[in-house]
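Below: upload28.pdb (PDB, C-alpha atoms)
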ATOM      1  CA  MET A 104       0.000   0.000   0.000
ATOM      2  CA  LEU A 105       1.268   3.478  -0.995
ATOM      3  CA  THR A 106       4.708   2.115  -1.805
ATOM      4  CA  GLY A 107       3.533  -0.990  -3.676
ATOM      5  CA  MET A 108       1.496   0.816  -6.311
ATOM      6  CA  PRO A 109       0.267   4.342  -7.134
ATOM      7  CA  ALA A 110      -2.930   5.257  -5.287
ATOM      8  CA  SER A 111      -4.613   5.863  -8.661
ATOM      9  CA  GLU A 112      -4.358   2.130  -9.421
ATOM     10  CA  TYR A 113      -6.271   0.880  -6.368
ATOM     11  CA  ASP A 114      -9.702   0.891  -7.977
ATOM     12  CA  GLY A 115      -8.465  -1.195 -10.887
ATOM     13  CA  TYR A 116      -6.689  -3.550  -8.501
ATOM     14  CA  LEU A 117      -9.817  -3.968  -6.409
ATOM     15  CA  ASN A 118     -11.923  -4.717  -9.481
ATOM     16  CA  ARG A 119      -9.433  -7.376 -10.587
ATOM     17  CA  ILE A 120      -9.371  -9.180  -7.269
ATOM     18  CA  ARG A 121     -13.161  -9.124  -7.061
ATOM     19  CA  LYS A 122     -13.292 -10.924 -10.402
ATOM     20  CA  GLN A 123     -10.804 -13.452  -8.990
ATOM     21  CA  SER A 124     -13.209 -14.334  -6.132
ATOM     22  CA  VAL A 125     -10.980 -12.811  -3.449
ATOM     23  CA  LYS A 126     -13.049 -12.201  -0.308
ATOM     24  CA  GLY A 127     -10.532 -10.475   1.941
ATOM     25  CA  VAL A 128      -7.316  -8.498   1.573
ATOM     26  CA  ILE A 129      -4.794  -7.191   4.086
ATOM     27  CA  PHE A 130      -3.084  -4.080   2.765
ATOM     28  CA  ALA A 131       0.380  -3.595   4.207
ATOM     29  CA  PHE A 132       1.972  -0.195   4.768
ATOM     30  CA  TRP A 133       5.665  -0.649   3.958
ATOM     31  CA  THR A 134       7.108   2.388   5.730
ATOM     32  CA  THR A 135      10.865   1.999   5.294
ATOM     33  CA  ARG A 136      11.009   4.824   2.729
ATOM     34  CA  LEU A 137       8.188   6.921   4.191
ATOM     35  CA  ASP A 138       8.244   9.790   6.663
ATOM     36  CA  ILE A 139       5.583   8.852   9.216
ATOM     37  CA  CYS A 140       4.063  11.126  11.851
ATOM     38  CA  GLU A 141       0.876  11.190  13.938
ATOM     39  CA  GLY A 142      -2.242  11.012  11.789
ATOM     40  CA  PHE A 143      -0.475   9.481   8.787
ATOM     41  CA  PHE A 144      -2.277   6.123   8.700
ATOM     42  CA  LYS A 145      -5.728   7.521   9.394
ATOM     43  CA  THR A 146      -5.329  10.184   6.696
ATOM     44  CA  ALA A 147      -3.987   7.683   4.174
ATOM     45  CA  ALA A 148      -6.917   5.307   4.713
ATOM     46  CA  GLU A 149      -9.441   8.142   4.392
ATOM     47  CA  LYS A 150      -7.993   9.168   1.021
ATOM     48  CA  LEU A 151      -8.387   5.731  -0.530
ATOM     49  CA  SER A 152     -11.308   5.731  -2.936
ATOM     50  CA  PHE A 153     -12.323   2.080  -2.858
ATOM     51  CA  PRO A 154     -15.361   1.185  -0.718
ATOM     52  CA  VAL A 155     -14.674  -0.710   2.485
ATOM     53  CA  GLY A 156     -17.254  -3.446   2.910
ATOM     54  CA  GLY A 157     -19.486  -5.088   0.368
ATOM     55  CA  ASP A 158     -18.229  -8.371  -1.000
ATOM     56  CA  VAL A 159     -14.556  -7.823  -0.102
ATOM     57  CA  SER A 160     -13.311  -7.213   3.443
ATOM     58  CA  PHE A 161     -10.173  -5.260   4.257
ATOM     59  CA  GLY A 162      -7.522  -5.198   6.932
ATOM     60  CA  TYR A 163      -4.318  -3.270   7.458
ATOM     61  CA  SER A 164      -0.822  -4.046   8.649
ATOM     62  CA  VAL A 165       2.437  -2.139   9.074
ATOM     63  CA  GLU A 166       5.815  -3.419   7.972
ATOM     64  CA  ASP A 167       8.727  -1.633   9.703
ATOM     65  CA  LEU A 168       8.045   0.541  12.763
ATOM     66  CA  HIS A 169      11.340   2.456  12.463
ATOM     67  CA  PHE A 170       9.448   5.768  12.696
ATOM     68  CA  LEU A 171       8.486   5.143  16.334
ATOM     69  CA  ASP A 172      11.948   6.385  17.266
ATOM     70  CA  ASN A 173      10.586   9.891  16.537
ATOM     71  CA  CYS A 174       6.839   9.380  16.730
ATOM     72  CA  SER A 175       4.294   8.488  19.410
ATOM     73  CA  ILE A 176       3.343   4.835  19.819
ATOM     74  CA  SER A 177      -0.273   6.068  19.770
ATOM     75  CA  VAL A 178      -0.187   5.938  15.945
ATOM     76  CA  LEU A 179      -0.769   2.185  16.273
ATOM     77  CA  SER A 180      -4.336   2.914  17.346
ATOM     78  CA  GLU A 181      -5.179   5.007  14.252
ATOM     79  CA  LEU A 182      -6.434   1.984  12.290
ATOM     80  CA  PRO A 183      -7.598  -1.505  13.306
ATOM     81  CA  PHE A 184      -4.291  -3.122  12.375
ATOM     82  CA  LYS A 185      -4.336  -6.899  11.993
ATOM     83  CA  TYR A 186      -0.612  -7.179  12.620
ATOM     84  CA  ILE A 187       2.605  -5.175  12.837
ATOM     85  CA  GLY A 188       6.238  -5.992  12.041
ATOM     86  CA  LEU A 189       8.964  -4.280  14.066
ATOM     87  CA  THR A 190      11.549  -4.093  11.276
ATOM     88  CA  TRP A 191      12.138  -4.447   7.587
ATOM     89  CA  ASN A 192      15.333  -6.217   6.508
ATOM     90  CA  HIS A 193      17.724  -3.976   8.428
ATOM     91  CA  ASP A 194      18.294  -3.047  12.064
ATOM     92  CA  ASN A 195      16.311  -0.143  13.469
ATOM     93  CA  ALA A 196      15.553   1.398  16.870
ATOM     94  CA  LEU A 197      13.300  -1.533  17.821
ATOM     95  CA  ALA A 198      15.064  -4.739  16.806
ATOM     96  CA  GLY A 199      17.331  -6.511  14.341
ATOM     97  CA  GLY A 200      16.218  -7.045  10.758
ATOM     98  CA  ALA A 201      16.841 -10.188   8.730
ATOM     99  CA  LEU A 202      20.040  -8.758   7.257
ATOM    100  CA  GLY A 203      21.157  -7.085  10.498
ATOM    101  CA  GLU A 204      22.795  -8.068  13.758
ATOM    102  CA  SER A 205      20.813  -6.349  16.533
ATOM    103  CA  ASP A 206      18.565  -7.938  19.132
ATOM    104  CA  LEU A 207      15.224  -6.704  20.484
ATOM    105  CA  LYS A 208      15.697  -3.231  21.999
ATOM    106  CA  PRO A 209      13.884  -1.341  24.804
ATOM    107  CA  LEU A 210      11.666   0.558  22.330
ATOM    108  CA  GLY A 211      10.747  -2.741  20.720
ATOM    109  CA  LYS A 212       9.689  -4.111  24.090
ATOM    110  CA  ARG A 213       7.506  -1.034  24.686
ATOM    111  CA  VAL A 214       5.847  -1.588  21.323
ATOM    112  CA  LEU A 215       5.122  -5.206  22.228
ATOM    113  CA  VAL A 216       3.347  -4.023  25.386
ATOM    114  CA  GLU A 217       1.202  -1.654  23.299
ATOM    115  CA  ALA A 218       0.489  -4.337  20.712
ATOM    116  CA  LYS A 219      -0.770  -6.635  23.448
ATOM    117  CA  ARG A 220      -3.020  -3.864  24.789
ATOM    118  CA  LEU A 221      -4.467  -3.230  21.335
ATOM    119  CA  LYS A 222      -4.692  -6.974  20.585
ATOM    120  CA  ILE A 223      -2.557  -6.637  17.468
ATOM    121  CA  ALA A 224      -0.676  -9.706  16.242
ATOM    122  CA  VAL A 225       3.093  -9.383  15.828
ATOM    123  CA  ASP A 226       4.696 -10.388  12.545
ATOM    124  CA  THR A 227       8.160 -11.974  12.733
ATOM    125  CA  ALA A 228       8.728 -12.048   8.957
ATOM    126  CA  HIS A 229      11.583  -9.535   8.747
ATOM    127  CA  LEU A 230      13.320 -10.200  12.054
ATOM    128  CA  ASN A 231      16.737 -11.785  12.259
ATOM    129  CA  ARG A 232      16.870 -15.016  14.233
ATOM    130  CA  LYS A 233      18.187 -13.392  17.399
ATOM    131  CA  SER A 234      15.321 -10.874  17.493
ATOM    132  CA  PHE A 235      12.826 -13.541  16.447
ATOM    133  CA  PHE A 236      13.373 -15.575  19.602
ATOM    134  CA  SER A 237      13.520 -12.463  21.794
ATOM    135  CA  VAL A 238      10.157 -11.271  20.475
ATOM    136  CA  LEU A 239       8.579 -14.641  21.234
ATOM    137  CA  GLU A 240       9.998 -14.483  24.754
ATOM    138  CA  ASN A 241       8.640 -10.975  25.335
ATOM    139  CA  TYR A 242       5.237 -11.130  23.651
ATOM    140  CA  GLU A 243       2.301 -13.214  24.828
ATOM    141  CA  GLY A 244      -0.187 -12.242  22.113
ATOM    142  CA  LYS A 245      -0.759 -13.650  18.638
ATOM    143  CA  ILE A 246       2.380 -14.362  16.599
ATOM    144  CA  LEU A 247       2.738 -15.008  12.883
ATOM    145  CA  ASN A 248       5.191 -14.926  10.010
ATOM    146  CA  SER A 249       3.268 -13.282   7.196
ATOM    147  CA  HIS A 250       5.512 -14.106   4.237
ATOM    148  CA  CYS A 251       8.542 -16.385   4.066
ATOM    149  CA  CYS A 252       9.735 -19.746   2.786
ATOM    150  CA  PHE A 253      11.652 -22.572   4.444
ATOM    151  CA  ASP A 254      15.387 -22.828   4.974
ATOM    152  CA  ASP A 255      15.509 -26.601   4.522
ATOM    153  CA  VAL A 256      14.201 -26.163   0.968
ATOM    154  CA  ASN A 257      16.084 -22.998   0.007
ATOM    155  CA  ARG A 258      18.577 -21.365   2.341
ATOM    156  CA  HIS A 259      17.984 -17.629   2.773
ATOM    157  CA  ALA A 260      18.183 -15.161   5.672
ATOM    158  CA  ARG A 261      14.451 -14.480   5.322
ATOM    159  CA  ASN A 262      13.444 -18.146   5.424
ATOM    160  CA  LEU A 263      12.500 -20.043   8.561
ATOM    161  CA  THR A 264      14.597 -22.732  10.217
ATOM    162  CA  ARG A 265      13.100 -25.828  11.846
ATOM    163  CA  ASP A 266      13.511 -24.275  15.318
ATOM    164  CA  GLN A 267      11.625 -21.149  14.259
ATOM    165  CA  ILE A 268       8.817 -23.158  12.679
ATOM    166  CA  ALA A 269       8.462 -25.250  15.815
ATOM    167  CA  LYS A 270       8.218 -22.143  18.017
ATOM    168  CA  LEU A 271       5.529 -20.569  15.856
ATOM    169  CA  ILE A 272       3.485 -23.764  15.853
ATOM    170  CA  GLU A 273       3.904 -24.037  19.627
ATOM    171  CA  ARG A 274       2.320 -20.573  19.870
ATOM    172  CA  ASN A 275      -0.525 -21.474  17.468
ATOM    173  CA  GLY A 276       0.843 -18.989  14.967
ATOM    174  CA  ILE A 277       0.400 -19.048  11.211
ATOM    175  CA  ILE A 278       3.135 -19.052   8.587
ATOM    176  CA  GLY A 279       2.497 -17.596   5.153
ATOM    177  CA  VAL A 280       4.510 -19.269   2.416
ATOM    178  CA  THR A 281       5.364 -16.432   0.061
ATOM    179  CA  LEU A 282       5.647 -16.205  -3.711
ATOM    180  CA  HIS A 283       8.842 -14.140  -3.754
ATOM    181  CA  SER A 284      11.174 -15.857  -6.206
ATOM    182  CA  GLU A 285      14.430 -15.289  -4.312
ATOM    183  CA  PHE A 286      13.061 -17.074  -1.244
ATOM    184  CA  LEU A 287      11.637 -19.942  -3.266
ATOM    185  CA  SER A 288      14.686 -21.016  -5.243
ATOM    186  CA  LYS A 289      18.280 -20.197  -6.150
ATOM    187  CA  ASP A 290      17.280 -20.630  -9.792
ATOM    188  CA  LYS A 291      14.415 -19.041 -11.717
ATOM    189  CA  ALA A 292      11.374 -19.800  -9.574
ATOM    190  CA  ALA A 293       8.108 -21.319 -10.801
ATOM    191  CA  SER A 294       4.868 -22.541  -9.266
ATOM    192  CA  GLU A 295       6.490 -25.930  -8.723
ATOM    193  CA  ASP A 296       8.826 -24.318  -6.185
ATOM    194  CA  VAL A 297       5.849 -22.978  -4.222
ATOM    195  CA  VAL A 298       4.458 -26.505  -4.171
ATOM    196  CA  ARG A 299       7.818 -27.814  -2.896
ATOM    197  CA  HIS A 300       7.753 -25.414   0.056
ATOM    198  CA  ILE A 301       4.104 -26.144   0.839
ATOM    199  CA  ASP A 302       4.669 -29.895   0.680
ATOM    200  CA  TYR A 303       7.805 -29.672   2.834
ATOM    201  CA  PHE A 304       5.821 -27.960   5.559
ATOM    202  CA  VAL A 305       2.805 -30.262   5.343
ATOM    203  CA  GLN A 306       4.884 -33.443   5.357
ATOM    204  CA  ASN A 307       6.769 -32.294   8.458
ATOM    205  CA  TYR A 308       4.199 -30.257  10.405
ATOM    206  CA  GLY A 309       0.736 -30.818   8.935
ATOM    207  CA  TYR A 310      -1.314 -28.096   7.279
ATOM    208  CA  ARG A 311      -3.087 -26.373  10.175
ATOM    209  CA  ASN A 312      -0.501 -23.596  10.692
ATOM    210  CA  LEU A 313       0.201 -22.898   7.032
ATOM    211  CA  CYS A 314      -1.266 -20.175   4.846
ATOM    212  CA  VAL A 315      -0.160 -18.112   1.843
ATOM    213  CA  GLY A 316       1.442 -14.665   2.119
ATOM    214  CA  THR A 317       1.642 -13.669  -1.526
ATOM    215  CA  ASP A 318       3.474 -10.344  -1.127
ATOM    216  CA  PHE A 319       1.818  -9.273  -4.383
ATOM    217  CA  ASN A 320       2.822  -5.671  -5.206
ATOM    218  CA  GLY A 321       5.819  -6.028  -2.893
ATOM    219  CA  GLY A 322       7.712  -9.120  -4.044
ATOM    220  CA  CYS A 323       8.712 -10.778  -7.311
ATOM    221  CA  PRO A 324       6.438 -13.797  -7.930
ATOM    222  CA  PRO A 325       7.108 -16.627 -10.395
ATOM    223  CA  GLY A 326       5.959 -15.947 -13.940
ATOM    224  CA  ASP A 327       3.064 -18.397 -13.707
ATOM    225  CA  LEU A 328       1.806 -16.974 -10.379
ATOM    226  CA  LYS A 329       1.482 -13.254 -11.108
ATOM    227  CA  ASP A 330      -1.960 -12.867  -9.541
ATOM    228  CA  TYR A 331      -4.677 -14.782  -7.662
ATOM    229  CA  ASP A 332      -5.757 -16.623 -10.809
ATOM    230  CA  GLY A 333      -2.510 -18.575 -10.446
ATOM    231  CA  PHE A 334      -3.912 -20.320  -7.388
ATOM    232  CA  ARG A 335      -5.895 -22.537  -9.740
ATOM    233  CA  LEU A 336      -2.570 -23.896 -10.959
ATOM    234  CA  LEU A 337      -1.354 -24.477  -7.408
ATOM    235  CA  LYS A 338      -4.579 -26.285  -6.608
ATOM    236  CA  VAL A 339      -4.160 -28.658  -9.567
ATOM    237  CA  LYS A 340      -0.581 -29.462  -8.576
ATOM    238  CA  LEU A 341      -1.533 -30.133  -4.940
ATOM    239  CA  LEU A 342      -4.454 -32.346  -5.961
ATOM    240  CA  LYS A 343      -2.062 -34.391  -8.101
ATOM    241  CA  LEU A 344       0.102 -34.900  -5.010
ATOM    242  CA  GLY A 345      -2.914 -36.344  -3.209
ATOM    243  CA  TYR A 346      -3.959 -33.334  -1.139
ATOM    244  CA  ALA A 347      -7.574 -33.327   0.008
ATOM    245  CA  GLN A 348      -9.714 -30.347  -0.954
ATOM    246  CA  ALA A 349     -10.218 -29.514   2.728
ATOM    247  CA  ALA A 350      -6.445 -29.219   3.258
ATOM    248  CA  ILE A 351      -6.048 -26.994   0.187
ATOM    249  CA  ASP A 352      -8.879 -24.733   1.333
ATOM    250  CA  ALA A 353      -7.307 -24.448   4.781
ATOM    251  CA  ILE A 354      -3.915 -23.485   3.348
ATOM    252  CA  PHE A 355      -5.289 -21.056   0.766
ATOM    253  CA  TYR A 356      -7.628 -19.152   3.083
ATOM    254  CA  GLY A 357      -9.148 -21.085   5.987
ATOM    255  CA  ASN A 358      -6.226 -21.058   8.399
ATOM    256  CA  ALA A 359      -5.599 -17.336   7.917
ATOM    257  CA  ALA A 360      -9.295 -16.461   8.237
ATOM    258  CA  GLU A 361      -9.481 -18.394  11.495
ATOM    259  CA  PHE A 362      -6.323 -16.753  12.845
ATOM    260  CA  PHE A 363      -7.554 -13.218  12.180
ATOM    261  CA  THR A 364     -11.088 -13.812  13.458
TER     262      THR A 364
END

Any chance you could put this one into structure tokens?
Amino acid sequence: MLTGMPASEYDGYLNRIRKQSVKGVIFAFWTTRLDICEGFFKTAAEKLSFPVGGDVSFGYSVEDLHFLDNCSISVLSELPFKYIGLTWNHDNALAGGALGESDLKPLGKRVLVEAKRLKIAVDTAHLNRKSFFSVLENYEGKILNSHCCFDDVNRHARNLTRDQIAKLIERNGIIGVTLHSEFLSKDKAASEDVVRHIDYFVQNYGYRNLCVGTDFNGGCPPGDLKDYDGFRLLKVKLLKLGYAQAAIDAIFYGNAAEFFT
């Protein structure tokens, strides 16, 4: 949102996803390159021209709370955020990003207290492993990883290790396998790589904690999975592997819908 596409394109985007039978969307504010101050999120949401409600439901999230070093934590109450992520890929005043070295910092701990008060889930997607475990130790509310892949399938700083997966499952969190090519494969990624990551997780942990975090408009998806229509292809491939329809439905939308309810 705002950084993923020009605001003038939202109506067209909304019309496309309606045609693709999408029933709910979480729009993420990626703030790393934005100057945030009090009132920013509320004003931004008010300026959006698409109707909230009807046949598509909306939620919001924030990726990278770096601005809280110079801004009141009260901004987190401006919108009904579904989840927040403390960092992007680099260290900030709250914690260590996936490509950084820092651990959870005092400001980060204060934010976790506020998130618990507001009943906002905390996203671990962009944390480095040190900060990941510190956040889980310091936060008792809902935990998720909104978009990642799995280190056993393709090694990457943004992908989850077995220990991290186990901790998230222990906390009844959800993990969104993402469509970002660099996380999926060292080579040119395709839908088959998404299936590999899904099947790895299901074979080792079952399907109840798995969902899909597309990162559309923020990542670089495989050529045959550019939009939600590509899920038909994923469904066919999973059915051929012997997946039941109920398991596919849970992974595609059911587990996430239950988590955010």

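Under the PyMOL selection byres ((chain A and resi 172) around 12), the matching residues in the shown file are A:Asp138, A:Ile139, A:Cys140, A:Asp167, A:Leu168, A:His169, A:Phe170, A:Leu171, A:Asn173, A:Cys174, A:Ser175, A:Ile176, A:Leu189, A:Asn195, A:Ala196, A:Leu197, A:Ala198, A:Lys208, A:Pro209, A:Leu210, A:Gly211, A:Arg213, A:Val214.
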
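Reported to one decimal place, the separation of atom CA of A:Val125 from atom CA of A:Phe161 is 10.8 Å.
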
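Reported to one decimal place, the separation of atom CA of A:Ala350 from atom CA of A:Ser124 is 18.9 Å.
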
Here atom CA of A:Arg299 and atom CA of A:Asp254 stand apart by 12.0 Å

Return as CSV the residues of stretch 228-247 of chain A lying at most 12 Å from stretch 309-323 of chain A, together with the closest atom-to-atom pair for each and the distance in Å to one decimal, counting only C-alpha atoms, with rows in chain order and ascending residue number.
residue,atom,partner,partner_atom,distance
A:Ala228,CA,A:Gly316,CA,10.3
A:Ile246,CA,A:Asn312,CA,11.3
A:Leu247,CA,A:Asn312,CA,9.4

What's around stretch 262-273 of chain A at 10 Å? Count only C-alpha atoms, leave out sequence neighbours fewer than 5 positions away in its own chain, and write the answer as a ChimeraX atom specification. /A:201,227-229,231-232,235-236,239,245-248,250-257,278,280-281,286-287,304,307-308,311-313

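For the residues A:Ile129, A:Val216, A:Leu282, A:Leu230, ranking by smallest atom-to-atom distance to A:Pro183 using only C-alpha atoms places A:Ile129 first.
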
Restricting the calculation to only C-alpha atoms: of A:Ala260, A:Ala224, A:Leu215, A:Ala148, which residue gets closest to A:Leu202? A:Ala260

Kindly compute an axis-aligned box around the listed atoms of stretch 205-210 of chain A, allowing 5 Å on each side, and express its centre and edge lengths in Å to one decimal as JSON.
{"center_x": 16.2, "center_y": -3.7, "center_z": 20.7, "size_x": 19.1, "size_y": 18.5, "size_z": 18.3}

For A:Lys126, the closest of A:His259, A:Phe144, A:Tyr331, A:Phe362 counting only C-alpha atoms is A:Tyr331

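Among the candidates A:Ser249, A:Ser294, A:Ser160, A:Thr146, the one nearest to A:Leu341 when counting all atoms listed in the file is A:Ser294.
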
I need every residue sitting at most 9 Å from the point (4.0, -19.4, -14.9) (coordinates as in the file, all atoms listed in the file considered), written as a ChimeraX atom specification. /A:293-294,325-329,333,336

Nearby residues, (-12.6, -13.5, -10.7) file frame, 12 Å, only C-alpha atoms, as a ChimeraX atom specification: /A:116-126,330-335
